[in-house]
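Scroll down for the structure; my scribbles are underneath it.
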Amino acid sequence: MKLSFLFFGNKPDEKWALCRQMGIKYAIAKLDPELTGDAAPWELSSMKRSYDIFKENGFELIGFEGDQFDMNRIKFGLEGREEDVEKYCLMLKNMGKLGVKLLCYNFMAGIGWYRTNTALKERGDALVSGFSLADAEKLSPSKLVSLSEEKLWENYKWFLEHVLPAAEKANVKMALHPDDPPVSPLRGVSRIFINAANIRKALTLVDSNSHGLTFCQGTYTTMGENVKSLIHEFGSQQKIFFVHIRDVEGNASDFKETFHDNGPTNMVDMFKAYQNTGIDVPVRSDHVPTMAGENNEQHGYAMKGNLFGIGYMKGIMETLGIPQE
């Protein structure tokens, strides 16, 4: 499996040096213009500038993660979505030109990954995020456009039908991330990728070798699904394109993040399951605690928690004899 790290933007800092020191060679990036100060990455020149920066700093840029530009017109089915999907297809085409072969995306309309508390105490008073549906329901409904789950399914299928041909031509794997938290509605906004049944449905909408999954262990855990069984199911279908490793305590309506080794999941068993499926895909540490000496501004993505998580993952993989790149 390919150990990777998610970089927000393209500006080298201490995290870049620490990743090199941990032996990470592969970069996943979010290159939204607000993070890079550059043009949106559907422009080849903009994408190549970022690609070259990563290369000059010792990383191979192998994937993008998250919305690289505002996707709400596509997700909500609003006027202008045709223009946006053309830009999306151009981005896929240019990814193919540069050899960036993975796109981790989601179809969470308006509200992305969401927490009601970002400073819960974990082991040793490390800070983690958590979600309470009861607390979320006390908040005012979102002012976003209201749409039904049925309409969201229609918009998602329309999106797939328009972008997957471009992804296939560019040899880019599109990896669907489930909704986090996996509840619907969330503050009045419908969500559809909240259980394994709906993920299975998503995979049947369009038949394409470019259509697969980001297997986010923590989200499937909060769904209450049999995570190990799903690894075998989706892995045997060759539909797992990317893996996020994290753990949580609780359920979809009330949970908190944990250290990788301090939650309910037997991580060794999970890695054995990946090993048994024979998949060789990028994998990264995800949603880590904020530890002593760090600020909590970018909750879930502080560096010391990643140092712990990546080392923990490397140890399991080496013990099991899982090849690491």
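Residue names in the structure tokens use chain letters A, B, ... in the order shown, residue numbers from 1 in each chain, and ligand numbers from 1 in the order shown.
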
**Asked** What lies within 10 Å of stretch 28-31 of chain A using only C-alpha atoms, ignoring chain neighbours under 3 positions off, as a PyMOL selection string?
**Response** chain A and resi 4-10+34-41+46-47+50-51+54+59-69+100+102-104+282-284

Emit the selected residues as an mmCIF file, in the first residue's frame, including N, CA and C atoms.
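Final output, saved to part31.cif:
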```
data_model
loop_
_atom_site.group_PDB
_atom_site.id
_atom_site.type_symbol
_atom_site.label_atom_id
_atom_site.label_comp_id
_atom_site.auth_asym_id
_atom_site.auth_seq_id
_atom_site.Cartn_x
_atom_site.Cartn_y
_atom_site.Cartn_z
ATOM 1 N N SER A 4 0.502 7.752 2.246
ATOM 2 C CA SER A 4 0.355 9.096 1.699
ATOM 3 C C SER A 4 -0.041 10.063 2.798
ATOM 4 N N PHE A 5 -0.072 11.341 2.444
ATOM 5 C CA PHE A 5 -0.429 12.393 3.393
ATOM 6 C C PHE A 5 -1.253 13.429 2.660
ATOM 7 N N LEU A 6 -2.265 13.973 3.353
ATOM 8 C CA LEU A 6 -3.109 15.010 2.766
ATOM 9 C C LEU A 6 -2.533 16.381 3.060
ATOM 10 N N PHE A 7 -2.192 17.106 2.004
ATOM 11 C CA PHE A 7 -1.660 18.460 2.117
ATOM 12 C C PHE A 7 -2.729 19.461 1.683
ATOM 13 N N PHE A 8 -2.941 20.469 2.507
ATOM 14 C CA PHE A 8 -3.886 21.531 2.177
ATOM 15 C C PHE A 8 -3.107 22.661 1.517
ATOM 16 N N GLY A 9 -3.254 22.793 0.213
ATOM 17 C CA GLY A 9 -2.499 23.796 -0.517
ATOM 18 C C GLY A 9 -1.173 23.247 -1.016
ATOM 19 N N ASN A 10 -0.312 24.161 -1.438
ATOM 20 C CA ASN A 10 0.953 23.762 -2.080
ATOM 21 C C ASN A 10 2.156 24.519 -1.528
ATOM 22 N N GLU A 34 -8.446 29.111 -2.708
ATOM 23 C CA GLU A 34 -8.313 29.786 -1.416
ATOM 24 C C GLU A 34 -7.095 29.285 -0.645
ATOM 25 N N LEU A 35 -6.639 28.076 -0.958
ATOM 26 C CA LEU A 35 -5.481 27.505 -0.281
ATOM 27 C C LEU A 35 -4.179 27.780 -1.018
ATOM 28 N N THR A 36 -4.245 27.869 -2.335
ATOM 29 C CA THR A 36 -3.018 28.028 -3.126
ATOM 30 C C THR A 36 -2.745 29.473 -3.528
ATOM 31 N N GLY A 37 -3.810 30.304 -3.600
ATOM 32 C CA GLY A 37 -3.633 31.653 -4.133
ATOM 33 C C GLY A 37 -3.460 31.640 -5.635
ATOM 34 N N ASP A 38 -3.687 30.486 -6.255
ATOM 35 C CA ASP A 38 -3.505 30.320 -7.692
ATOM 36 C C ASP A 38 -4.868 30.098 -8.339
ATOM 37 N N ALA A 39 -4.858 29.934 -9.641
ATOM 38 C CA ALA A 39 -6.093 29.631 -10.354
ATOM 39 C C ALA A 39 -6.587 28.243 -9.955
ATOM 40 N N ALA A 40 -7.867 27.997 -10.203
ATOM 41 C CA ALA A 40 -8.443 26.686 -9.900
ATOM 42 C C ALA A 40 -7.703 25.609 -10.683
ATOM 43 N N PRO A 41 -7.600 24.396 -10.109
ATOM 44 C CA PRO A 41 -6.749 23.379 -10.729
ATOM 45 C C PRO A 41 -7.318 22.722 -11.970
ATOM 46 N N SER A 46 -1.909 25.866 -13.720
ATOM 47 C CA SER A 46 -2.035 25.938 -12.272
ATOM 48 C C SER A 46 -1.752 24.586 -11.634
ATOM 49 N N MET A 47 -2.345 23.542 -12.194
ATOM 50 C CA MET A 47 -2.128 22.198 -11.660
ATOM 51 C C MET A 47 -0.657 21.804 -11.755
ATOM 52 N N SER A 50 1.587 23.334 -9.029
ATOM 53 C CA SER A 50 1.492 22.584 -7.774
ATOM 54 C C SER A 50 2.215 21.251 -7.882
ATOM 55 N N TYR A 51 2.016 20.568 -9.001
ATOM 56 C CA TYR A 51 2.683 19.274 -9.211
ATOM 57 C C TYR A 51 4.197 19.427 -9.088
ATOM 58 N N PHE A 54 5.443 19.987 -5.436
ATOM 59 C CA PHE A 54 5.532 18.732 -4.688
ATOM 60 C C PHE A 54 6.745 17.921 -5.136
ATOM 61 N N PHE A 59 8.060 14.779 -3.217
ATOM 62 C CA PHE A 59 6.808 14.031 -3.211
ATOM 63 C C PHE A 59 6.281 13.830 -4.626
ATOM 64 N N GLU A 60 5.633 12.698 -4.815
ATOM 65 C CA GLU A 60 4.883 12.475 -6.042
ATOM 66 C C GLU A 60 3.418 12.780 -5.756
ATOM 67 N N LEU A 61 2.866 13.732 -6.460
ATOM 68 C CA LEU A 61 1.459 14.081 -6.293
ATOM 69 C C LEU A 61 0.625 13.041 -7.028
ATOM 70 N N ILE A 62 -0.058 12.177 -6.272
ATOM 71 C CA ILE A 62 -0.789 11.070 -6.891
ATOM 72 C C ILE A 62 -2.303 11.230 -6.822
ATOM 73 N N GLY A 63 -2.789 12.219 -6.058
ATOM 74 C CA GLY A 63 -4.228 12.342 -5.955
ATOM 75 C C GLY A 63 -4.685 13.679 -5.412
ATOM 76 N N PHE A 64 -5.947 13.978 -5.672
ATOM 77 C CA PHE A 64 -6.622 15.135 -5.103
ATOM 78 C C PHE A 64 -7.696 14.634 -4.139
ATOM 79 N N GLU A 65 -8.009 15.457 -3.150
ATOM 80 C CA GLU A 65 -9.041 15.081 -2.195
ATOM 81 C C GLU A 65 -9.913 16.287 -1.867
ATOM 82 N N GLY A 66 -11.205 16.047 -1.778
ATOM 83 C CA GLY A 66 -12.140 17.115 -1.449
ATOM 84 C C GLY A 66 -12.550 17.909 -2.675
ATOM 85 N N ASP A 67 -13.385 18.924 -2.468
ATOM 86 C CA ASP A 67 -13.817 19.787 -3.562
ATOM 87 C C ASP A 67 -12.684 20.735 -3.909
ATOM 88 N N GLN A 68 -12.227 20.661 -5.144
ATOM 89 C CA GLN A 68 -11.134 21.522 -5.585
ATOM 90 C C GLN A 68 -11.637 22.901 -6.007
ATOM 91 N N PHE A 69 -12.943 23.020 -6.124
ATOM 92 C CA PHE A 69 -13.613 24.305 -6.346
ATOM 93 C C PHE A 69 -15.056 24.126 -5.890
ATOM 94 N N VAL A 100 -1.722 12.218 -12.361
ATOM 95 C CA VAL A 100 -2.381 12.247 -11.053
ATOM 96 C C VAL A 100 -3.618 11.355 -11.174
ATOM 97 N N LEU A 102 -5.751 9.680 -8.952
ATOM 98 C CA LEU A 102 -6.782 9.450 -7.940
ATOM 99 C C LEU A 102 -7.512 10.746 -7.618
ATOM 100 N N LEU A 103 -8.837 10.670 -7.525
ATOM 101 C CA LEU A 103 -9.634 11.809 -7.079
ATOM 102 C C LEU A 103 -10.615 11.332 -6.012
ATOM 103 N N CYS A 104 -10.326 11.686 -4.758
ATOM 104 C CA CYS A 104 -11.229 11.398 -3.644
ATOM 105 C C CYS A 104 -12.239 12.536 -3.572
ATOM 106 N N PRO A 282 -3.399 3.865 -2.264
ATOM 107 C CA PRO A 282 -2.946 4.841 -1.270
ATOM 108 C C PRO A 282 -3.724 4.703 0.039
ATOM 109 N N VAL A 283 -3.035 4.935 1.149
ATOM 110 C CA VAL A 283 -3.643 4.876 2.475
ATOM 111 C C VAL A 283 -3.086 6.036 3.283
ATOM 112 N N ARG A 284 -3.925 6.642 4.101
ATOM 113 C CA ARG A 284 -3.434 7.733 4.936
ATOM 114 C C ARG A 284 -4.097 7.736 6.297
#
```

**Request:** For A:Ser142, list every protein, DNA or RNA residue within 8 Å, evaluated using only C-alpha atoms, and leave out those in the same chain fewer than 6 positions away; present the list as a VMD selection string.
**Result:** chain A and resid 187 to 189

**Asked** When distances are computed from only C-alpha atoms, which of A:Leu92, A:Cys19, A:Ile199, A:Ala292 shows the smallest separation from A:Trp153?
**Response**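 Nearest candidate to A:Trp153 out of A:Leu92, A:Cys19, A:Ile199, A:Ala292: A:Ile199.
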
Using only C-alpha atoms, what does the table of stretch 170-248 of chain A residues within 8 Å of stretch 257-266 of chain A look like, with each row giving the shortest atom pair and its distance in Å to one decimal, sorted by chain and ascending number, as JSON lines?
```
{"residue": "A:Ile245", "atom": "CA", "partner": "A:His260", "partner_atom": "CA", "distance": 7.7}
{"residue": "A:Arg246", "atom": "CA", "partner": "A:His260", "partner_atom": "CA", "distance": 5.6}
{"residue": "A:Asp247", "atom": "CA", "partner": "A:Gly263", "partner_atom": "CA", "distance": 5.5}
{"residue": "A:Val248", "atom": "CA", "partner": "A:Glu257", "partner_atom": "CA", "distance": 4.4}
```

**Prompt:** Looking at only C-alpha atoms, which of A:Ile74, A:Leu320, A:Met291, A:Ile310 is the one that sits closest to A:Ala273?
**Reply:**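 Of all the options, A:Leu320 lies closest to A:Ala273.
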
Write out as a PDB file with C-alpha atoms, in the first residue's frame the set of residues from stretch 22-267 of chain A that DSSP, computed on the backbone, places in strand (DSSP E or B).
```
ATOM      1  CA  TYR A  26       3.149  10.241  -1.949  1.00  0.00           C
ATOM      2  CA  ALA A  27       1.100  13.420  -1.713  1.00  0.00           C
ATOM      3  CA  ILE A  28      -2.659  13.828  -1.796  1.00  0.00           C
ATOM      4  CA  ALA A  29      -3.642  17.486  -2.092  1.00  0.00           C
ATOM      5  CA  LYS A  30      -6.523  19.884  -1.867  1.00  0.00           C
ATOM      6  CA  GLU A  60       4.883  12.475  -6.042  1.00  0.00           C
ATOM      7  CA  LEU A  61       1.459  14.081  -6.293  1.00  0.00           C
ATOM      8  CA  ILE A  62      -0.789  11.070  -6.891  1.00  0.00           C
ATOM      9  CA  GLY A  63      -4.228  12.342  -5.955  1.00  0.00           C
ATOM     10  CA  PHE A  64      -6.622  15.135  -5.103  1.00  0.00           C
ATOM     11  CA  GLU A  65      -9.041  15.081  -2.195  1.00  0.00           C
ATOM     12  CA  LEU A 102      -6.782   9.450  -7.940  1.00  0.00           C
ATOM     13  CA  LEU A 103      -9.634  11.809  -7.079  1.00  0.00           C
ATOM     14  CA  CYS A 104     -11.229  11.398  -3.644  1.00  0.00           C
ATOM     15  CA  TYR A 105     -14.554  13.234  -3.802  1.00  0.00           C
ATOM     16  CA  ASN A 117     -17.727  19.794  19.254  1.00  0.00           C
ATOM     17  CA  THR A 118     -14.090  20.165  18.268  1.00  0.00           C
ATOM     18  CA  ALA A 119     -12.437  20.087  21.713  1.00  0.00           C
ATOM     19  CA  LEU A 120     -13.425  16.898  23.499  1.00  0.00           C
ATOM     20  CA  LYS A 121     -10.868  15.340  25.844  1.00  0.00           C
ATOM     21  CA  LEU A 127      -8.342  17.148  21.924  1.00  0.00           C
ATOM     22  CA  VAL A 128     -10.620  15.402  19.450  1.00  0.00           C
ATOM     23  CA  SER A 129     -13.812  16.272  17.622  1.00  0.00           C
ATOM     24  CA  GLY A 130     -17.230  14.736  18.108  1.00  0.00           C
ATOM     25  CA  PHE A 131     -20.784  14.849  16.860  1.00  0.00           C
ATOM     26  CA  SER A 132     -24.134  14.892  18.623  1.00  0.00           C
ATOM     27  CA  LYS A 173      -9.906   6.625 -10.386  1.00  0.00           C
ATOM     28  CA  MET A 174     -12.818   8.474  -8.781  1.00  0.00           C
ATOM     29  CA  ALA A 175     -13.186   7.420  -5.143  1.00  0.00           C
ATOM     30  CA  LEU A 176     -16.464   8.291  -3.394  1.00  0.00           C
ATOM     31  CA  LEU A 186     -28.239  17.246   8.784  1.00  0.00           C
ATOM     32  CA  VAL A 189     -29.996  19.209   4.407  1.00  0.00           C
ATOM     33  CA  HIS A 211     -15.996   4.370 -10.329  1.00  0.00           C
ATOM     34  CA  GLY A 212     -15.061   3.250  -6.814  1.00  0.00           C
ATOM     35  CA  LEU A 213     -14.619   4.197  -3.193  1.00  0.00           C
ATOM     36  CA  THR A 214     -12.576   5.971  -0.606  1.00  0.00           C
ATOM     37  CA  PHE A 215     -12.916   3.474   2.227  1.00  0.00           C
ATOM     38  CA  CYS A 216     -13.074   5.681   5.308  1.00  0.00           C
ATOM     39  CA  ILE A 240     -11.516   0.335  -2.944  1.00  0.00           C
ATOM     40  CA  PHE A 241      -9.293   2.998  -4.502  1.00  0.00           C
ATOM     41  CA  PHE A 242      -8.146   4.832  -1.347  1.00  0.00           C
ATOM     42  CA  VAL A 243      -8.165   4.098   2.396  1.00  0.00           C
ATOM     43  CA  HIS A 244      -8.567   6.469   5.367  1.00  0.00           C
ATOM     44  CA  ILE A 245      -7.507   5.057   8.732  1.00  0.00           C
ATOM     45  CA  ASP A 247     -11.255   5.273  14.768  1.00  0.00           C
ATOM     46  CA  VAL A 248     -14.298   6.512  16.690  1.00  0.00           C
ATOM     47  CA  GLU A 249     -16.355   5.683  19.762  1.00  0.00           C
ATOM     48  CA  GLY A 250     -20.133   5.783  19.532  1.00  0.00           C
ATOM     49  CA  ASN A 251     -22.663   5.696  16.718  1.00  0.00           C
ATOM     50  CA  ASP A 254     -23.402  10.475  18.989  1.00  0.00           C
ATOM     51  CA  PHE A 255     -19.684   9.821  18.591  1.00  0.00           C
ATOM     52  CA  LYS A 256     -16.190  11.144  19.192  1.00  0.00           C
ATOM     53  CA  GLU A 257     -12.881  10.569  17.454  1.00  0.00           C
ATOM     54  CA  THR A 258     -10.107   8.594  19.183  1.00  0.00           C
TER      55      THR A 258
END
```

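Distances here use only C-alpha atoms; by that measure, the residue among A:Lys55, A:Lys48, A:Arg81, A:Asp280 closest to A:Gln324 is A:Asp280.
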
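Using only C-alpha atoms, the shortest contact distance between A:Leu133 and any of A:Ala196, A:Met71, A:Ile111, A:Val183 is found at A:Val183.
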
**Request:** Could you pull out the residues in stretch 67-276 of chain A that DSSP calls alpha helix (DSSP H) from the backbone, as a ChimeraX atom specification?
**Result:** /A:72-76,81-98,133-138,149-170,196-205,217-223,227-236,267-276

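Taking atom CA of A:Ile24 and atom CA of A:Thr290 as the two end points, the separation is 20.8 Å.
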
If we count only C-alpha atoms, what is near A:Ala167 at a cut-off of 10 Å, once residues fewer than 3 positions away on the same chain are taken out, given as a PDB file with N, CA and C atoms, in the first residue's frame?
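And here's out-v7.pdb as it stands now:
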```pdb
ATOM      1  N   TYR A  88     -14.908  20.469 -14.349  1.00  0.00           N
ATOM      2  CA  TYR A  88     -14.525  19.252 -13.638  1.00  0.00           C
ATOM      3  C   TYR A  88     -13.903  18.250 -14.613  1.00  0.00           C
ATOM      4  N   CYS A  89     -14.516  18.091 -15.771  1.00  0.00           N
ATOM      5  CA  CYS A  89     -13.984  17.163 -16.771  1.00  0.00           C
ATOM      6  C   CYS A  89     -12.637  17.633 -17.302  1.00  0.00           C
ATOM      7  N   LEU A  90     -12.469  18.944 -17.443  1.00  0.00           N
ATOM      8  CA  LEU A  90     -11.175  19.478 -17.857  1.00  0.00           C
ATOM      9  C   LEU A  90     -10.120  19.184 -16.794  1.00  0.00           C
ATOM     10  N   MET A  91     -10.501  19.304 -15.519  1.00  0.00           N
ATOM     11  CA  MET A  91      -9.586  18.967 -14.435  1.00  0.00           C
ATOM     12  C   MET A  91      -9.163  17.503 -14.526  1.00  0.00           C
ATOM     13  N   LEU A  92     -10.106  16.613 -14.788  1.00  0.00           N
ATOM     14  CA  LEU A  92      -9.785  15.199 -14.929  1.00  0.00           C
ATOM     15  C   LEU A  92      -8.835  14.965 -16.103  1.00  0.00           C
ATOM     16  N   LYS A  93      -9.098  15.633 -17.202  1.00  0.00           N
ATOM     17  CA  LYS A  93      -8.232  15.502 -18.377  1.00  0.00           C
ATOM     18  C   LYS A  93      -6.804  15.923 -18.051  1.00  0.00           C
ATOM     19  N   MET A  95      -5.455  16.095 -15.042  1.00  0.00           N
ATOM     20  CA  MET A  95      -4.886  15.141 -14.094  1.00  0.00           C
ATOM     21  C   MET A  95      -4.242  13.986 -14.851  1.00  0.00           C
ATOM     22  N   GLY A  96      -4.936  13.501 -15.876  1.00  0.00           N
ATOM     23  CA  GLY A  96      -4.396  12.416 -16.682  1.00  0.00           C
ATOM     24  C   GLY A  96      -3.095  12.800 -17.363  1.00  0.00           C
ATOM     25  N   LYS A 101      -3.560  10.157 -10.616  1.00  0.00           N
ATOM     26  CA  LYS A 101      -4.504   9.101 -10.983  1.00  0.00           C
ATOM     27  C   LYS A 101      -5.658   8.878 -10.003  1.00  0.00           C
ATOM     28  N   LEU A 102      -5.751   9.680  -8.952  1.00  0.00           N
ATOM     29  CA  LEU A 102      -6.782   9.450  -7.940  1.00  0.00           C
ATOM     30  C   LEU A 102      -7.512  10.746  -7.618  1.00  0.00           C
ATOM     31  N   LEU A 103      -8.837  10.670  -7.525  1.00  0.00           N
ATOM     32  CA  LEU A 103      -9.634  11.809  -7.079  1.00  0.00           C
ATOM     33  C   LEU A 103     -10.615  11.332  -6.012  1.00  0.00           C
ATOM     34  N   LEU A 160     -22.230  11.567 -12.244  1.00  0.00           N
ATOM     35  CA  LEU A 160     -21.455  10.399 -12.669  1.00  0.00           C
ATOM     36  C   LEU A 160     -21.493  10.232 -14.184  1.00  0.00           C
ATOM     37  N   HIS A 162     -21.799  12.330 -16.419  1.00  0.00           N
ATOM     38  CA  HIS A 162     -21.053  13.366 -17.132  1.00  0.00           C
ATOM     39  C   HIS A 162     -19.550  13.294 -16.896  1.00  0.00           C
ATOM     40  N   VAL A 163     -19.110  12.841 -15.736  1.00  0.00           N
ATOM     41  CA  VAL A 163     -17.672  12.907 -15.445  1.00  0.00           C
ATOM     42  C   VAL A 163     -16.943  11.584 -15.624  1.00  0.00           C
ATOM     43  N   LEU A 164     -17.636  10.464 -15.482  1.00  0.00           N
ATOM     44  CA  LEU A 164     -16.914   9.192 -15.563  1.00  0.00           C
ATOM     45  C   LEU A 164     -16.296   8.922 -16.940  1.00  0.00           C
ATOM     46  N   ALA A 170      -8.960   9.672 -19.003  1.00  0.00           N
ATOM     47  CA  ALA A 170      -7.754  10.189 -18.352  1.00  0.00           C
ATOM     48  C   ALA A 170      -7.080   9.139 -17.473  1.00  0.00           C
ATOM     49  N   ASN A 171      -7.715   7.973 -17.328  1.00  0.00           N
ATOM     50  CA  ASN A 171      -7.197   6.910 -16.454  1.00  0.00           C
ATOM     51  C   ASN A 171      -7.113   7.379 -15.007  1.00  0.00           C
ATOM     52  N   VAL A 172      -8.155   8.096 -14.566  1.00  0.00           N
ATOM     53  CA  VAL A 172      -8.252   8.585 -13.189  1.00  0.00           C
ATOM     54  C   VAL A 172      -9.310   7.778 -12.444  1.00  0.00           C
ATOM     55  N   LYS A 173      -8.965   7.340 -11.240  1.00  0.00           N
ATOM     56  CA  LYS A 173      -9.906   6.625 -10.386  1.00  0.00           C
ATOM     57  C   LYS A 173     -10.660   7.631  -9.519  1.00  0.00           C
ATOM     58  N   MET A 174     -11.984   7.590  -9.593  1.00  0.00           N
ATOM     59  CA  MET A 174     -12.818   8.474  -8.781  1.00  0.00           C
ATOM     60  C   MET A 174     -13.331   7.704  -7.580  1.00  0.00           C
ATOM     61  N   SER A 208     -18.302   1.405 -14.482  1.00  0.00           N
ATOM     62  CA  SER A 208     -17.057   2.017 -14.935  1.00  0.00           C
ATOM     63  C   SER A 208     -15.908   1.557 -14.052  1.00  0.00           C
ATOM     64  N   ASN A 209     -14.771   1.266 -14.666  1.00  0.00           N
ATOM     65  CA  ASN A 209     -13.573   0.915 -13.900  1.00  0.00           C
ATOM     66  C   ASN A 209     -13.026   2.107 -13.121  1.00  0.00           C
ATOM     67  N   SER A 210     -13.486   3.306 -13.453  1.00  0.00           N
ATOM     68  CA  SER A 210     -13.045   4.504 -12.749  1.00  0.00           C
ATOM     69  C   SER A 210     -13.938   4.852 -11.567  1.00  0.00           C
ATOM     70  N   HIS A 211     -14.986   4.076 -11.350  1.00  0.00           N
ATOM     71  CA  HIS A 211     -15.996   4.370 -10.329  1.00  0.00           C
ATOM     72  C   HIS A 211     -15.785   3.458  -9.123  1.00  0.00           C
TER      73      HIS A 211
END
```

**Message:** At a cut-off of 12 Å, using only C-alpha atoms, what residues contact A:Lys151? Leave out same-chain residues fewer than 5 positions from it and give the result as a list in words.
**Reply:** Ile74, Lys75, Phe76, Gly77, Leu78, Ala109, Val145, Ser146, Tyr156, Lys157, Trp158, Val189, Ser190, Arg191 and Ile192 of chain A

Write the selection just made, keeping N, CA and C atoms, as a short mmCIF file (atom, residue, chain, number, x, y, z; two decimals), in the first residue's frame?
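Final output, saved to out14.cif:
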```
data_model
loop_
_atom_site.label_atom_id
_atom_site.label_comp_id
_atom_site.auth_asym_id
_atom_site.auth_seq_id
_atom_site.Cartn_x
_atom_site.Cartn_y
_atom_site.Cartn_z
N ILE A 74 -23.46 21.78 -8.78
CA ILE A 74 -23.58 20.40 -9.23
C ILE A 74 -24.37 19.57 -8.23
N LYS A 75 -24.01 19.69 -6.96
CA LYS A 75 -24.65 18.86 -5.94
C LYS A 75 -26.12 19.21 -5.73
N PHE A 76 -26.44 20.50 -5.79
CA PHE A 76 -27.82 20.92 -5.60
C PHE A 76 -28.63 20.93 -6.89
N GLY A 77 -27.97 20.68 -8.02
CA GLY A 77 -28.69 20.68 -9.29
C GLY A 77 -29.14 22.05 -9.72
N LEU A 78 -28.30 23.07 -9.49
CA LEU A 78 -28.67 24.45 -9.76
C LEU A 78 -28.23 24.89 -11.16
N ALA A 109 -23.89 17.75 0.05
CA ALA A 109 -24.36 19.02 -0.50
C ALA A 109 -24.35 20.11 0.57
N VAL A 145 -30.21 25.56 0.09
CA VAL A 145 -31.36 25.13 -0.70
C VAL A 145 -31.84 23.77 -0.19
N SER A 146 -33.13 23.64 0.00
CA SER A 146 -33.69 22.37 0.45
C SER A 146 -33.88 21.44 -0.75
N TYR A 156 -26.66 13.16 -8.28
CA TYR A 156 -25.44 12.34 -8.23
C TYR A 156 -25.29 11.49 -9.49
N LYS A 157 -26.38 10.87 -9.93
CA LYS A 157 -26.30 10.06 -11.15
C LYS A 157 -25.95 10.93 -12.35
N TRP A 158 -26.56 12.12 -12.42
CA TRP A 158 -26.23 13.05 -13.51
C TRP A 158 -24.74 13.38 -13.51
N VAL A 189 -30.55 19.52 5.73
CA VAL A 189 -30.00 19.21 4.41
C VAL A 189 -29.90 17.70 4.23
N SER A 190 -30.46 17.20 3.13
CA SER A 190 -30.45 15.76 2.87
C SER A 190 -29.04 15.25 2.60
N ARG A 191 -28.81 14.00 3.00
CA ARG A 191 -27.56 13.30 2.71
C ARG A 191 -27.94 11.87 2.32
N ILE A 192 -27.13 11.26 1.46
CA ILE A 192 -27.52 9.93 0.97
C ILE A 192 -26.49 8.84 1.23
#
```

**Message:** Residues near stretch 222-229 of chain A, anyone? I mean within 6 Å using only C-alpha atoms, not counting same-chain ones fewer than 2 positions away, as a PyMOL selection string.
**Reply:** chain A and resi 195+219-220+231-232+251-252+270

**Message:** Which residue is closest to A:Asp286? Choose from A:Met22, A:Leu139, A:Leu307, A:Val268 and count only C-alpha atoms.
**Reply:**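 Among A:Met22, A:Leu139, A:Leu307, A:Val268, it is A:Leu307 that comes nearest to A:Asp286.
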
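Taking atom CA of A:Pro323 as the reference point, atom CA of A:Met1 is found at 6.2 Å.
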
**Request:** Using only C-alpha atoms, find the one residue out of A:Pro33, A:Ala126, A:Glu83, A:Pro165 that sits nearest to A:Asn296.
**Result:** A:Ala126

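Between atom CA of A:Phe234 and atom CA of A:Leu98 the separation is 28.1 Å.
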
**Prompt:** So which residues touch A:Gly110 within 7 Å, counting only C-alpha atoms, skipping near sequence neighbours fewer than 2 positions away, as a PyMOL selection string?
**Reply:** chain A and resi 72+108+112+144

Residues just named, written with N, CA and C atoms as a PDB file, in the first residue's frame:
```pdb
ATOM      1  N   ASN A  72     -21.267  23.231  -5.336  1.00  0.00           N
ATOM      2  CA  ASN A  72     -22.651  23.257  -4.876  1.00  0.00           C
ATOM      3  C   ASN A  72     -23.673  23.319  -6.003  1.00  0.00           C
ATOM      4  N   MET A 108     -21.554  15.458  -0.448  1.00  0.00           N
ATOM      5  CA  MET A 108     -22.233  16.110   0.666  1.00  0.00           C
ATOM      6  C   MET A 108     -22.611  17.517   0.221  1.00  0.00           C
ATOM      7  N   GLY A 112     -20.084  19.894   4.477  1.00  0.00           N
ATOM      8  CA  GLY A 112     -19.115  18.813   4.359  1.00  0.00           C
ATOM      9  C   GLY A 112     -19.020  18.004   5.638  1.00  0.00           C
ATOM     10  N   LEU A 144     -29.261  26.693   3.413  1.00  0.00           N
ATOM     11  CA  LEU A 144     -28.995  26.146   2.091  1.00  0.00           C
ATOM     12  C   LEU A 144     -30.285  25.730   1.407  1.00  0.00           C
TER      13      LEU A 144
END
```
